[in-house]
Every structure is written in C-alpha cells, then in structure tokens.
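Undergrad: Just passing along the structure, written as structure tokens.
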Amino acid sequence: MEQLVSALNTLFVLMGAVMVLAMHAGFAFLEVGTVRHKNQVNALVKIIVDFAVSTIAYFFIGYYVAYQVGFFDSASILAEKNGYDLVKFFFLLTFAAAIPAIISGGIAERARFYPQLIATFIIVALIYPFFEGMIWNNLYGVQAWITGLFGVAFHDFAGSVVVHAMGGWIALGAVILLGHRHGRYTKDGKPMSAHPPSSIPFLAIGAWILTVGWFGFNVMSAQKVEGLSGLVAINSLMAMVGGIIAALIAGKNDPGFVHNGPLAGLVAVCAGSDLMHPLGALVVGAVAGALFVWTFTLAQNKLKIDDVLGVWPLHGLCGAWGGIAAGIFGLEALGGVGGVSFGAQVVGTLIGIAIATAGGFVVYGILKATMGIRLSQEEEYNGADLSIHKIKANPDN
C-alpha cells in the first residue's frame, strides 16, 4: 500500500508538472499574438530558452536555496519513493520558470537577448527561491514572525504572491529601466501609437493554453494525492469566469482584455483557492478582471509605463490582490475555511512586493550599467526577429 501511495503521489505531481510546462506554450503564444509581427520569432525563442536557463539555475542553485535539497546523490538514491523528490523539483521548476516568462512579456520588442538570459539565471537561482523558501519552506523566521503578530502564517497556496506578484514586480523594474518603445509616446508624453496586437487568434490560443494548464498549477499544488481538493478546482473555475465577465464589461468588448480576463482571475485566486467559497472566488476573479483593465490603461496612458503585455497589472497587481483577498474571502464569516488573517496576508504580500521590486531594479540596473539591456533604435525599428535571430516569422512575406 505504501508503495502504491508513493507511486500515485509521483504520478499526481508529474501530471501537474506537465500541465504547468504546457503553460509556457501559453506564455509564448500570448506574447506572439500581442507583439508586432517583426517580434514574433523573438517571443517564441525567449520563452523556450528562458525555460532551459531556468532549469539549470534552479537545479544547481535555486532549489537548494529554497529547500536545502540537492541532487548530487547516486541515481539509486534519487529514484527512491518512485523518484517523487525529482518530480517535485520538476513541478516547482515550472513555477520558477514562470518568472522570466512573465518578465518576457513586459520587456518585449526592445530588450537584448543575452542580457535577459543572464537576468533569468540570477532571478531563478537567487531572488525567486529566496522568497519561495521564506514562504513555502519557513526559512529565515519570517513566517514565525508573522504568526507571532497575527496568530497564523501568511497563506499562499498556489502562488498569487510567491510566483505571480514576484514576476510582475520584478518585471516593473525591468520595464522602467528599459524605457518605452520608440514611437510609443510623443515628446510631451502623450500616447502616439498603441501598437495593436499582431494576431488575436495567437493571443487567444495563448490565453486558452494558460487557462487549461492553470488547473494543474492550482490543484496539483497540494503535491500529494491525499491533498487533492475539488474546492480548489471549482474556485479556480469561478475566478476564471469572474475575470472574463468583468474584463468584457470593463474592457468594452476588447478581445485583448477579454482573453486576459481569465488569467487575471486565475492569478488572483491562487493564494486562497483552497480556502474560499466558490462565490467568494467569483468575486475575487471579477475584481481582478476589472483591476487588470483599469490598471493596464492607467499604466500605458497616464503613467507612461510601456509594459507590452501588461504583466505588472496582470501578475503584479492582481497577484497582490489575490494575496490580500485570501485574508478576506478565506474567513469563515464570508463562507471560507478559515485559519487565515487579513493582517498576515497584507504583511506577507508587502514583503513579497518589496523583495521583487528591489530585485528587479538591482538585477536589471546592474546589467544596464555594465553591458546594456536594450536594442539600438535601428535594431528595434527592424524588429527583434531580424536583429537577433536573422529570420522573420514568415520569411516569404
């Protein structure tokens, strides 16, 4: 029986890892459909190479930083318990690799290729696992300190803050340090060219792939078969639907907003998906969908933050909302499971934002000062596809 449980746990987590791995295709096509045609190849190459670099960084450094576990024992030892520990690494790697995939969308169309790979390595090896270990492995005494203040620890079941807010707030530093695309704003700062999506079908395919994979992201975060919860699945569904409807209304039928709506809802529900009542999850998702539309428009038109895919609003702000929302809709008074504190959620979320924002500005600031992080104006005009990869998405066109 023990052997069977071990095998089932390994299979369960492996299925989650494969589903989240597939989400990286979603990241790729969401970016391909959003950027201009001359930058589509670069979007595809960035996502797949970032995943490879993330794997190396997390295998050799990052996973040890977060969990004090390495992989330098013999293969026979690693294969114990059906190789569960290896598959758990694979699953958590797909989360870690989501950080550079998130950042990629914000810095699209004008970032240099190899400096971004260096940033990916540093972020996945050190910055992300530092906060991951702090929250999910109780390192550095932070969770104990929060528990002492509020009676319970900071709760983030599937990574609204640990993954999404972390990626979004790191991306904010990168986007600001890169500066806006040439021709995006006039000399007096007014928006000049909106650069509409190059392919709504590709954008939609990316959103659908992400949405489907997200049920592995959330449900399999239990990491054990006995922790499997239909509540997590249905809360994810309701938040997804709430995000779609709110983005449809707030975005006035804009297909870009509509297809980012489910992603906003799913980002927000990650933290409390194991705690909320489905009606609470619906509200959380709806708030996130509207929040994305409003803050994306604000960032682009008022704040002059040229975040191409809106990753700071989508992951950074909706992730922060999700961390805080777990402390509201997870309460028993609102139909939740309980065992969570609003104060603890606010403090944990703010700590995550602070680490991510500082990390983003430090990493990209050093790279900008030492080797440069931006394409030249001519390279940007020609497009990252020709400038970096020497080929167009459709060479015959």
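Chain labels run A, B, ... following the order of the structure tokens; each chain numbers its residues from 1, and ligands are numbered from 1 in the order shown.
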Taking a cut-off of 10 Å and counting only C-alpha atoms, can you build a table that, for each residue of region 69-186 of chain A near region 345-364 of chain A, reports the nearest atom pair and how far apart they are in Å (one decimal), sorted by chain then residue number, as a Markdown table?

TA:
```
| residue | atom | partner | partner_atom | distance |
| --- | --- | --- | --- | --- |
| A:Ile103 | CA | A:Gly360 | CA | 9.8 |
| A:Pro115 | CA | A:Tyr364 | CA | 8.8 |
| A:Gln116 | CA | A:Tyr364 | CA | 8.6 |
| A:Ile118 | CA | A:Val363 | CA | 9.3 |
| A:Ala119 | CA | A:Val363 | CA | 6.5 |
| A:Thr120 | CA | A:Val363 | CA | 9.6 |
| A:Ile122 | CA | A:Val363 | CA | 7.7 |
| A:Ile123 | CA | A:Gly359 | CA | 7.9 |
| A:Leu126 | CA | A:Gly359 | CA | 9.6 |
| A:Ile127 | CA | A:Gly359 | CA | 6.6 |
| A:Tyr128 | CA | A:Ala356 | CA | 7.9 |
| A:Phe130 | CA | A:Ile355 | CA | 9.1 |
| A:Phe131 | CA | A:Gly352 | CA | 7.0 |
| A:Glu132 | CA | A:Gly352 | CA | 9.4 |
| A:Met134 | CA | A:Gly352 | CA | 9.8 |
| A:Ile135 | CA | A:Gly348 | CA | 8.4 |
| A:Val142 | CA | A:Gly348 | CA | 8.8 |
| A:Gln143 | CA | A:Gly348 | CA | 8.4 |
| A:Ile146 | CA | A:Val347 | CA | 7.7 |
| A:Phe150 | CA | A:Gln345 | CA | 9.6 |
| A:Val152 | CA | A:Gln345 | CA | 9.6 |
| A:Ala153 | CA | A:Gln345 | CA | 8.3 |
| A:Phe154 | CA | A:Gln345 | CA | 5.4 |
| A:His155 | CA | A:Gln345 | CA | 6.8 |
| A:Asp156 | CA | A:Gln345 | CA | 8.6 |
| A:Ser160 | CA | A:Thr349 | CA | 9.1 |
| A:Val161 | CA | A:Thr349 | CA | 6.2 |
| A:Val162 | CA | A:Gly352 | CA | 6.9 |
| A:Val163 | CA | A:Gly352 | CA | 9.5 |
| A:Ala165 | CA | A:Ile353 | CA | 6.8 |
| A:Met166 | CA | A:Ala356 | CA | 5.2 |
| A:Gly167 | CA | A:Ala356 | CA | 7.4 |
| A:Gly168 | CA | A:Ala356 | CA | 8.2 |
| A:Trp169 | CA | A:Thr357 | CA | 5.1 |
| A:Ile170 | CA | A:Gly360 | CA | 4.1 |
| A:Ala171 | CA | A:Gly360 | CA | 6.5 |
| A:Leu172 | CA | A:Thr357 | CA | 7.2 |
| A:Gly173 | CA | A:Phe361 | CA | 4.7 |
| A:Ala174 | CA | A:Tyr364 | CA | 5.8 |
| A:Val175 | CA | A:Tyr364 | CA | 9.3 |
| A:Ile176 | CA | A:Phe361 | CA | 8.7 |
| A:Leu177 | CA | A:Tyr364 | CA | 7.1 |
| A:Leu178 | CA | A:Tyr364 | CA | 8.6 |
```

Undergrad: Please build the interface table for region 316-372 of chain A against region 285-297 of chain A with a cut-off of 9 Å, listing for each qualifying residue the nearest atom pair and the distance in Å to one decimal; count only C-alpha atoms, order rows by chain and increasing number, and write it as JSON lines.

TA:
```
{"residue": "A:Leu317", "atom": "CA", "partner": "A:Phe292", "partner_atom": "CA", "distance": 7.8}
{"residue": "A:Cys318", "atom": "CA", "partner": "A:Ala288", "partner_atom": "CA", "distance": 5.5}
{"residue": "A:Gly319", "atom": "CA", "partner": "A:Ala288", "partner_atom": "CA", "distance": 8.7}
{"residue": "A:Trp321", "atom": "CA", "partner": "A:Ala288", "partner_atom": "CA", "distance": 7.3}
{"residue": "A:Gly322", "atom": "CA", "partner": "A:Ala288", "partner_atom": "CA", "distance": 8.1}
```

Undergrad: Could you take the residues named above and write them with C-alpha atoms, as a compact mmCIF listing (two decimals), in the first residue's frame?

TA:
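Okay, this is what ended up in again-v2.txt:
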```
# COMPACT_ATOMS: atom_id res chain seq x y z
CA LEU A 317 -1.23 43.89 -9.06
CA CYS A 318 -3.71 41.03 -9.48
CA GLY A 319 -1.27 38.76 -7.64
CA TRP A 321 -4.87 41.49 -4.75
CA GLY A 322 -5.04 37.70 -4.58
```

Undergrad: Need to verify the contact set: Lys81 (chain A), 8 Å, only C-alpha atoms, exclusion of same-chain residues closer than 5 positions in sequence. Can you return it as a ChimeraX atom specification?

TA: /A:3,6-7

Undergrad: Rounded to one decimal in Å, what is the spacing between CA of Glu2 (chain A) and CA of Ile77 (chain A)?

TA: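 Here the two named atoms are 17.6 Å from each other.
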
Undergrad: Calculated over only C-alpha atoms, which of the candidates A:Ala101, A:Ile366, A:Leu139, A:Ala344 has the smallest distance to Gly151 (chain A)?

TA: A:Ala344

Undergrad: For region 59-76 of chain A, list every protein, DNA or RNA residue within 7 Å, evaluated using only C-alpha atoms, and leave out those in the same chain fewer than 3 positions away; present the list as a count of residues only.

TA: 12

Undergrad: Using only C-alpha atoms, pick whichever of A:Ala299, A:Ala222, A:Ala247, A:Val5 has the shortest atom-to-atom distance to Phe157 (chain A).

TA: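 Between A:Ala299, A:Ala222, A:Ala247, A:Val5, the residue approaching Phe157 (chain A) most closely is A:Ala222.
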
Undergrad: When DSSP works through the backbone of this structure, what residues of region 121-354 of chain A end up as alpha helix (DSSP H), shown as a ChimeraX atom specification?

TA: /A:121-122,128-136,142-150,166-178,200-219,230-250,255-269,278-301,311,318-329,342-354

Undergrad: Counting only C-alpha atoms, what is within 8 Å of Gly16 (chain A), bar same-chain residues fewer than 2 positions away, as a list in words?

TA: Phe12, Val13, Leu14, Val18, Met19, Val20, Phe91, Gly216, Phe217, Val219, Met220 and Ser221 of chain A

Undergrad: Keeping only N, CA and C atoms, take the residues you just selected and write them out as an mmCIF file, in the first residue's frame.

TA:
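Result file part-v7.cif:
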```
data_model
loop_
_atom_site.group_PDB
_atom_site.id
_atom_site.type_symbol
_atom_site.label_atom_id
_atom_site.label_comp_id
_atom_site.auth_asym_id
_atom_site.auth_seq_id
_atom_site.Cartn_x
_atom_site.Cartn_y
_atom_site.Cartn_z
ATOM 1 N N PHE A 12 0.772 12.004 -9.648
ATOM 2 C CA PHE A 12 -0.032 13.201 -9.429
ATOM 3 C C PHE A 12 0.791 14.468 -9.664
ATOM 4 N N VAL A 13 1.968 14.526 -9.057
ATOM 5 C CA VAL A 13 2.809 15.711 -9.198
ATOM 6 C C VAL A 13 3.387 15.805 -10.610
ATOM 7 N N LEU A 14 3.705 14.649 -11.213
ATOM 8 C CA LEU A 14 4.206 14.655 -12.588
ATOM 9 C C LEU A 14 3.167 15.216 -13.545
ATOM 10 N N VAL A 18 3.682 18.541 -15.907
ATOM 11 C CA VAL A 18 3.489 18.560 -17.361
ATOM 12 C C VAL A 18 2.455 19.615 -17.752
ATOM 13 N N MET A 19 1.393 19.752 -16.948
ATOM 14 C CA MET A 19 0.372 20.761 -17.247
ATOM 15 C C MET A 19 0.938 22.174 -17.135
ATOM 16 N N VAL A 20 1.769 22.416 -16.135
ATOM 17 C CA VAL A 20 2.349 23.756 -15.987
ATOM 18 C C VAL A 20 3.443 23.974 -17.035
ATOM 19 N N PHE A 91 8.048 19.916 -10.856
ATOM 20 C CA PHE A 91 6.835 20.705 -10.667
ATOM 21 C C PHE A 91 7.162 22.123 -10.206
ATOM 22 N N GLY A 216 -3.733 22.559 -13.386
ATOM 23 C CA GLY A 216 -2.606 21.811 -12.834
ATOM 24 C C GLY A 216 -1.804 22.669 -11.880
ATOM 25 N N PHE A 217 -1.641 23.922 -12.236
ATOM 26 C CA PHE A 217 -0.916 24.880 -11.402
ATOM 27 C C PHE A 217 -1.539 24.960 -10.008
ATOM 28 N N VAL A 219 -4.529 23.016 -8.648
ATOM 29 C CA VAL A 219 -4.960 21.775 -8.000
ATOM 30 C C VAL A 219 -3.770 20.938 -7.544
ATOM 31 N N MET A 220 -2.753 20.796 -8.396
ATOM 32 C CA MET A 220 -1.615 19.947 -8.060
ATOM 33 C C MET A 220 -0.652 20.606 -7.075
ATOM 34 N N SER A 221 -0.938 21.854 -6.682
ATOM 35 C CA SER A 221 -0.114 22.479 -5.643
ATOM 36 C C SER A 221 -0.253 21.768 -4.301
#
```

Undergrad: Can you work out which one of A:Gly327, A:Gly179, A:Pro395, A:Gly189 has the shortest atom-to-atom distance to Val284 (chain A), counting only C-alpha atoms?

TA: A:Gly327

Undergrad: If you measure from CA of Ile209 (chain A) to CA of Ala28 (chain A), what distance in Å do you get, rounded to one decimal?

TA: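 Here the two named atoms are 10.0 Å from each other.
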
Undergrad: Please, what distance in Å, to one decimal, runs between CA of Leu386 (chain A) and CA of Gly33 (chain A)?

TA: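 Taking CA of Leu386 (chain A) and CA of Gly33 (chain A), their separation equals 17.7 Å.
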
Undergrad: Of the candidates A:Ala108, A:Val49, A:Val283, A:Ala204, which shows the shortest atom-to-atom distance to Gly26 (chain A), using only C-alpha atoms?

TA: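 Of all the options, A:Ala204 lies closest to Gly26 (chain A).
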
Undergrad: Which one of A:Leu375, A:Met276, A:Leu248, A:Ala271 sits closest to Ser387 (chain A) if you count only C-alpha atoms?

TA: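 Of all the options, A:Leu375 lies closest to Ser387 (chain A).
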
Undergrad: Write out as a PyMOL selection string the residues lying within 9 Å of Lys304 (chain A), counting only C-alpha atoms and excluding same-chain residues fewer than 4 positions away.

TA: chain A and resi 180+185+189-191+298-300

Undergrad: Output C-alpha atoms for every residue in that selection, as an mmCIF file, in the first residue's frame.

TA:
```cif
data_model
loop_
_atom_site.group_PDB
_atom_site.id
_atom_site.type_symbol
_atom_site.label_atom_id
_atom_site.label_comp_id
_atom_site.auth_asym_id
_atom_site.auth_seq_id
_atom_site.Cartn_x
_atom_site.Cartn_y
_atom_site.Cartn_z
ATOM 1 C CA HIS A 180 9.305 52.794 -23.638
ATOM 2 C CA TYR A 185 4.761 58.384 -26.910
ATOM 3 C CA GLY A 189 4.467 62.257 -23.158
ATOM 4 C CA LYS A 190 1.143 61.677 -24.874
ATOM 5 C CA PRO A 191 0.430 58.188 -26.280
ATOM 6 C CA LEU A 298 -3.589 53.664 -16.393
ATOM 7 C CA ALA A 299 -0.050 52.342 -16.770
ATOM 8 C CA GLN A 300 0.014 52.774 -20.541
#
```
